[in-house]
Structure formats: C-alpha cells, structure tokens
$ cat entry10.txt   # compact mmCIF, C-alpha atoms
# COMPACT_ATOMS: atom_id res chain seq x y z
CA MET R 16 4.76 23.69 3.97
CA CYS R 17 6.66 20.89 2.23
CA ARG R 18 5.60 17.30 2.83
CA ALA R 19 6.83 14.05 1.39
CA ALA R 20 4.41 12.37 -1.00
CA LEU R 21 4.42 9.07 -2.87
CA VAL R 22 4.05 9.67 -6.60
CA VAL R 23 2.59 6.56 -8.25
CA THR R 24 2.08 5.30 -11.78
CA PHE R 25 0.71 2.08 -13.17
CA VAL R 26 1.75 0.87 -16.60
CA GLY R 27 -0.22 -1.90 -18.24
CA SER R 28 -2.54 -4.21 -16.35
CA LEU R 29 -2.61 -7.16 -13.98
CA ALA R 30 -0.18 -9.87 -15.08
CA ALA R 31 -0.37 -13.62 -14.48
CA VAL R 32 -2.46 -14.77 -11.55
CA SER R 33 -0.11 -17.30 -10.02
CA ALA R 34 3.55 -17.96 -10.67
CA GLN R 35 6.83 -19.12 -9.21
CA VAL R 36 9.26 -16.25 -8.64
CA PRO R 37 13.03 -16.14 -8.07
CA ALA R 38 14.77 -15.97 -4.66
CA ALA R 39 14.70 -12.70 -2.65
CA THR R 40 11.01 -12.48 -3.47
CA PHE R 41 7.99 -14.51 -2.46
CA GLU R 42 8.13 -18.18 -3.46
CA VAL R 43 4.51 -18.19 -4.61
CA VAL R 44 2.07 -15.33 -5.14
CA SER R 45 -1.62 -15.76 -5.87
CA ILE R 46 -3.69 -12.73 -6.93
CA LYS R 47 -7.42 -13.04 -7.56
CA ARG R 48 -9.88 -10.24 -8.13
CA THR R 49 -12.81 -10.51 -5.74
CA VAL R 50 -16.40 -10.55 -6.93
CA PRO R 51 -17.71 -6.99 -7.10
CA GLY R 52 -20.28 -6.31 -4.39
CA ALA R 53 -19.28 -9.34 -2.32
CA ALA R 54 -20.20 -8.82 1.32
CA THR R 55 -16.85 -10.00 2.64
CA ALA R 56 -14.90 -8.15 5.30
CA SER R 57 -11.46 -7.00 4.25
CA SER R 58 -8.20 -7.74 6.03
CA ILE R 59 -4.53 -7.34 5.33
CA GLY R 60 -1.53 -8.56 7.27
CA ILE R 61 1.88 -10.12 7.50
CA HIS R 62 1.86 -13.42 9.37
CA ARG R 63 4.61 -15.49 10.96
CA GLY R 64 7.19 -16.86 8.60
CA GLY R 65 6.71 -14.02 6.12
CA ARG R 66 3.31 -15.10 4.81
CA PHE R 67 1.31 -12.14 3.49
CA VAL R 68 -2.47 -12.34 3.17
CA MET R 69 -4.91 -9.73 1.89
CA VAL R 70 -8.60 -10.62 1.71
CA ASN R 71 -11.02 -8.43 -0.25
CA GLY R 72 -8.49 -5.60 -0.05
CA ARG R 73 -7.82 -2.56 -2.18
CA ILE R 74 -4.51 -2.06 -3.95
CA ALA R 75 -4.21 1.23 -2.05
CA GLY R 76 -3.90 -0.86 1.13
CA LEU R 77 -1.24 -3.03 -0.47
CA ILE R 78 0.74 0.05 -1.50
CA SER R 79 0.45 1.47 2.02
CA THR R 80 1.79 -1.80 3.42
CA ALA R 81 4.70 -1.92 0.96
CA TYR R 82 5.58 1.77 1.16
CA PRO R 83 5.25 3.75 4.39
CA ALA R 84 2.83 6.36 3.05
CA ASP R 85 -0.75 7.36 3.74
CA VAL R 86 -3.27 6.91 0.91
CA SER R 87 -3.97 10.66 1.03
CA GLU R 88 -0.33 11.22 0.05
CA PHE R 89 -0.57 9.27 -3.22
CA ILE R 90 -0.17 11.57 -6.20
CA GLY R 91 -1.19 10.46 -9.68
CA ALA R 92 -2.80 7.18 -8.63
CA PRO R 93 -5.72 5.90 -10.72
CA ASP R 94 -9.16 5.69 -9.10
CA TRP R 95 -9.31 1.90 -9.34
CA ILE R 96 -6.73 1.43 -6.55
CA GLU R 97 -9.49 2.52 -4.15
CA ILE R 98 -12.31 0.66 -5.92
CA ASP R 99 -11.17 -2.75 -7.20
CA ARG R 100 -10.64 -5.43 -4.58
CA TYR R 101 -8.34 -8.45 -4.57
CA ASP R 102 -7.45 -11.54 -2.58
CA ILE R 103 -3.67 -11.91 -2.41
CA THR R 104 -1.68 -14.66 -0.76
CA ALA R 105 2.11 -14.62 -0.88
CA VAL R 106 4.38 -17.22 0.67
CA ALA R 107 7.92 -16.18 1.56
CA PRO R 108 10.90 -18.53 1.81
CA PRO R 109 11.35 -20.17 5.23
CA GLY R 110 13.04 -17.94 7.79
CA THR R 111 11.97 -14.67 6.15
CA ALA R 112 11.91 -11.83 8.67
CA ARG R 113 8.91 -9.54 8.91
CA ALA R 114 11.10 -6.57 7.89
CA ASP R 115 11.97 -8.33 4.61
CA VAL R 116 8.33 -8.56 3.52
CA GLU R 117 7.93 -4.86 2.56
CA PRO R 118 10.56 -5.01 -0.23
CA MET R 119 9.03 -8.27 -1.38
CA LEU R 120 5.60 -6.60 -1.60
CA ARG R 121 7.17 -3.79 -3.64
CA SER R 122 8.40 -6.44 -6.06
CA VAL R 123 4.88 -7.90 -6.33
CA LEU R 124 3.46 -4.44 -7.08
CA ALA R 125 6.07 -3.84 -9.79
CA ASP R 126 5.84 -7.29 -11.38
CA ARG R 127 2.12 -7.94 -11.23
CA PHE R 128 0.55 -4.48 -11.34
CA ARG R 129 3.29 -2.62 -13.28
CA PHE R 130 3.50 -0.21 -10.35
CA LYS R 131 6.13 2.50 -10.24
CA GLY R 132 6.44 4.95 -7.42
CA HIS R 133 8.90 7.34 -5.89
CA TYR R 134 8.96 9.73 -2.98
CA GLU R 135 9.32 13.42 -3.55
CA THR R 136 8.83 16.54 -1.50
CA ARG R 137 6.12 18.87 -2.74
CA GLU R 138 4.54 22.07 -1.54
CA ARG R 139 1.10 21.03 -0.27
CA PRO R 140 -1.54 22.67 1.89
CA VAL R 141 -1.53 21.62 5.54
CA TYR R 142 -3.40 22.65 8.65
CA GLU R 143 -1.60 24.26 11.54
CA LEU R 144 -3.02 23.81 15.04
CA VAL R 145 -2.72 26.92 17.16
CA LEU R 146 -4.08 27.88 20.55
CA ALA R 147 -7.20 30.05 20.30
CA ARG R 148 -6.26 31.86 23.51
CA PRO R 149 -2.80 32.41 24.96
CA ASP R 150 -3.92 31.04 28.36
CA ALA R 151 -5.71 27.95 26.96
CA GLY R 152 -2.99 25.59 28.16
CA THR R 153 -2.81 26.86 31.74
CA PRO R 154 -4.73 25.38 34.71
CA ASP R 155 -6.67 28.62 35.10
CA GLY R 156 -7.68 28.70 31.43
$ encode --input "entry10.txt" --output "structure tokens"
Amino acid sequence: MCRAALVVTFVGSLAAVSAQVPAATFEVVSIKRTVPGAATASSIGIHRGGRFVMVNGRIAGLISTAYPADVSEFIGAPDWIEIDRYDITAVAPPGTARADVEPMLRSVLADRFRFKGHYETRERPVYELVLARPDAGTPDG
C-alpha cells in the first residue's frame, strides 16, 4: 500500500544560537542545546500571540510540529534528531495567527539546522485490520 512519507535531510550543523530574522519569520529565535542527562521534563507548544516554546525537546518533535507527519514516517533522518535535546524559544511578530507558526518553524529548521524535507508517496508495509470471524460485529457474535 502507498503511504505519504516525509523524506528529510540535514546539511551542515547548528547555526548561530540567537539572531534577529526578517519579517514573515520569527522576530527572535533562541536555540540552546540542553545538558545531556538532565532530568528535565520535555514540552513543546505554540502559545498565544505566536510564541513557540520547546523545553528539553528533540528535533524530531520540532519537525512533527512544523510538518504534519509522524516521526515513524521520516525517511533518511539522522539518529541525533531522536537523541539530542534542545530548548527553543521563538517570538513571532504581534498579531501572528497560530496557523502562521508552522511555516515559521519550517524556516527555523531550514535556517538553523540546514533541514530539507519533502513529501513523497512510497510503497511501504502496513497492517490491515480484518475481522477474524464474519459474525464478529453482530450482537450474537
């Protein structure tokens, strides 16, 4: 069965930690790698006014927020997107709608992590749920 998948590539490494960016993107973005082994809970979310905050989160979570795809559908992603953790705070211009944050996060991924991704349909194994017995869905079954 064919399913859509997100094919990802990363070129280079993490760029500057904090910078001003042009309009149509976040006004300020701060990215800090968290201390390995830190016993901090992780969270990720878009807050009112277009403020995005990720605490002790994996880049896989950031990609899933920016692109509607499940982590299991990433093809070609390096292992570190599931291992390395970051604190990210991004402040959007005033009046930014929640729907506008996803494209802005895509820009952060491209600019700061040299992320490139595209959707494509590939033949992949899937499970098919079938009834074990023909009468399994009836009241008598």
$ atom_distance --input "entry10.txt" --atom1 "CA of Phe41 in chain R" --atom2 "CA of Thr55 in chain R"
25.8 Å
$ closest_residue --input "entry10.txt" --among "R:Ala107, R:Val86, R:Leu144, R:Leu124" --to "Gly64 in chain R" --atoms "only C-alpha atoms"
R:Ala107
$ closest_residue --input "entry10.txt" --among "R:Ala114, R:Ala105, R:Ile98, R:Val123" --to "Arg48 in chain R" --atoms "only C-alpha atoms"
R:Ile98
$ atom_distance --input "entry10.txt" --atom1 "CA of Ile61 in chain R" --atom2 "CA of Val116 in chain R"
7.7 Å
$ residues_around --input "entry10.txt" --residues "Thr40 in chain R" --least-positions-apart "3" --cutoff "9 Å" --atoms "only C-alpha atoms" --output "list in words"
Val36, Pro37, Val43, Ala107, Pro108, Val116, Pro118, Met119, Leu120, Ser122 and Val123 of chain R
$ closest_residue --input "entry10.txt" --among "R:Glu88, R:Arg100, R:Gly60, R:Thr111" --to "Val141 in chain R" --atoms "all atoms listed in the file"
R:Glu88
$ atom_distance --input "entry10.txt" --atom1 "CA of Glu97 in chain R" --atom2 "CA of Glu117 in chain R"
20.1 Å
$ build_atoms --input "entry10.txt" --residues "range 99-131 of chain R" --atoms "N, CA and C atoms" --output "short mmCIF file (atom, residue, chain, number, x, y, z; two decimals), in the frame of the given file"
data_model
loop_
_atom_site.label_atom_id
_atom_site.label_comp_id
_atom_site.auth_asym_id
_atom_site.auth_seq_id
_atom_site.Cartn_x
_atom_site.Cartn_y
_atom_site.Cartn_z
N ASP R 99 -11.31 -1.31 -6.94
CA ASP R 99 -11.17 -2.75 -7.20
C ASP R 99 -10.60 -3.45 -5.98
N ARG R 100 -11.08 -4.66 -5.74
CA ARG R 100 -10.64 -5.43 -4.58
C ARG R 100 -10.06 -6.77 -5.01
N TYR R 101 -9.07 -7.23 -4.23
CA TYR R 101 -8.34 -8.45 -4.57
C TYR R 101 -8.11 -9.31 -3.33
N ASP R 102 -7.96 -10.60 -3.58
CA ASP R 102 -7.45 -11.54 -2.58
C ASP R 102 -6.03 -11.86 -3.00
N ILE R 103 -5.08 -11.64 -2.11
CA ILE R 103 -3.67 -11.91 -2.41
C ILE R 103 -3.09 -12.77 -1.30
N THR R 104 -2.43 -13.83 -1.70
CA THR R 104 -1.68 -14.66 -0.76
C THR R 104 -0.27 -14.80 -1.31
N ALA R 105 0.71 -14.52 -0.47
CA ALA R 105 2.11 -14.62 -0.88
C ALA R 105 2.87 -15.38 0.19
N VAL R 106 3.62 -16.38 -0.24
CA VAL R 106 4.38 -17.22 0.67
C VAL R 106 5.87 -16.92 0.49
N ALA R 107 6.50 -16.50 1.58
CA ALA R 107 7.92 -16.18 1.56
C ALA R 107 8.75 -17.43 1.84
N PRO R 108 10.03 -17.40 1.49
CA PRO R 108 10.90 -18.53 1.81
C PRO R 108 10.98 -18.71 3.32
N PRO R 109 11.24 -19.94 3.78
CA PRO R 109 11.35 -20.17 5.23
C PRO R 109 12.40 -19.27 5.86
N GLY R 110 12.11 -18.78 7.06
CA GLY R 110 13.04 -17.94 7.79
C GLY R 110 13.01 -16.47 7.40
N THR R 111 12.06 -16.07 6.56
CA THR R 111 11.97 -14.67 6.15
C THR R 111 11.52 -13.82 7.32
N ALA R 112 12.26 -12.75 7.58
CA ALA R 112 11.91 -11.83 8.67
C ALA R 112 10.79 -10.91 8.22
N ARG R 113 10.03 -10.44 9.19
CA ARG R 113 8.91 -9.54 8.91
C ARG R 113 9.39 -8.28 8.17
N ALA R 114 10.56 -7.77 8.52
CA ALA R 114 11.10 -6.57 7.89
C ALA R 114 11.42 -6.78 6.41
N ASP R 115 11.63 -8.03 6.01
CA ASP R 115 11.97 -8.33 4.61
C ASP R 115 10.74 -8.40 3.71
N VAL R 116 9.55 -8.41 4.31
CA VAL R 116 8.33 -8.56 3.52
C VAL R 116 8.00 -7.29 2.73
N GLU R 117 8.25 -6.11 3.28
CA GLU R 117 7.93 -4.86 2.56
C GLU R 117 8.62 -4.79 1.20
N PRO R 118 9.94 -5.03 1.11
CA PRO R 118 10.56 -5.01 -0.23
C PRO R 118 10.01 -6.09 -1.15
N MET R 119 9.60 -7.20 -0.58
CA MET R 119 9.03 -8.27 -1.38
C MET R 119 7.66 -7.84 -1.93
N LEU R 120 6.89 -7.11 -1.13
CA LEU R 120 5.60 -6.60 -1.60
C LEU R 120 5.80 -5.55 -2.70
N ARG R 121 6.87 -4.77 -2.59
CA ARG R 121 7.17 -3.79 -3.64
C ARG R 121 7.44 -4.51 -4.97
N SER R 122 8.12 -5.64 -4.88
CA SER R 122 8.40 -6.44 -6.06
C SER R 122 7.10 -6.97 -6.68
N VAL R 123 6.17 -7.42 -5.84
CA VAL R 123 4.88 -7.90 -6.33
C VAL R 123 4.14 -6.77 -7.05
N LEU R 124 4.12 -5.59 -6.45
CA LEU R 124 3.46 -4.44 -7.08
C LEU R 124 4.07 -4.13 -8.44
N ALA R 125 5.39 -4.15 -8.52
CA ALA R 125 6.07 -3.84 -9.79
C ALA R 125 5.83 -4.92 -10.83
N ASP R 126 5.96 -6.19 -10.43
CA ASP R 126 5.84 -7.29 -11.38
C ASP R 126 4.41 -7.54 -11.84
N ARG R 127 3.48 -7.54 -10.91
CA ARG R 127 2.12 -7.94 -11.23
C ARG R 127 1.19 -6.79 -11.61
N PHE R 128 1.43 -5.61 -11.07
CA PHE R 128 0.55 -4.48 -11.34
C PHE R 128 1.25 -3.39 -12.15
N ARG R 129 2.50 -3.61 -12.54
CA ARG R 129 3.29 -2.62 -13.28
C ARG R 129 3.33 -1.29 -12.54
N PHE R 130 3.48 -1.38 -11.22
CA PHE R 130 3.50 -0.21 -10.35
C PHE R 130 4.88 0.43 -10.35
N LYS R 131 4.89 1.74 -10.41
CA LYS R 131 6.13 2.50 -10.24
C LYS R 131 5.80 3.64 -9.29
#
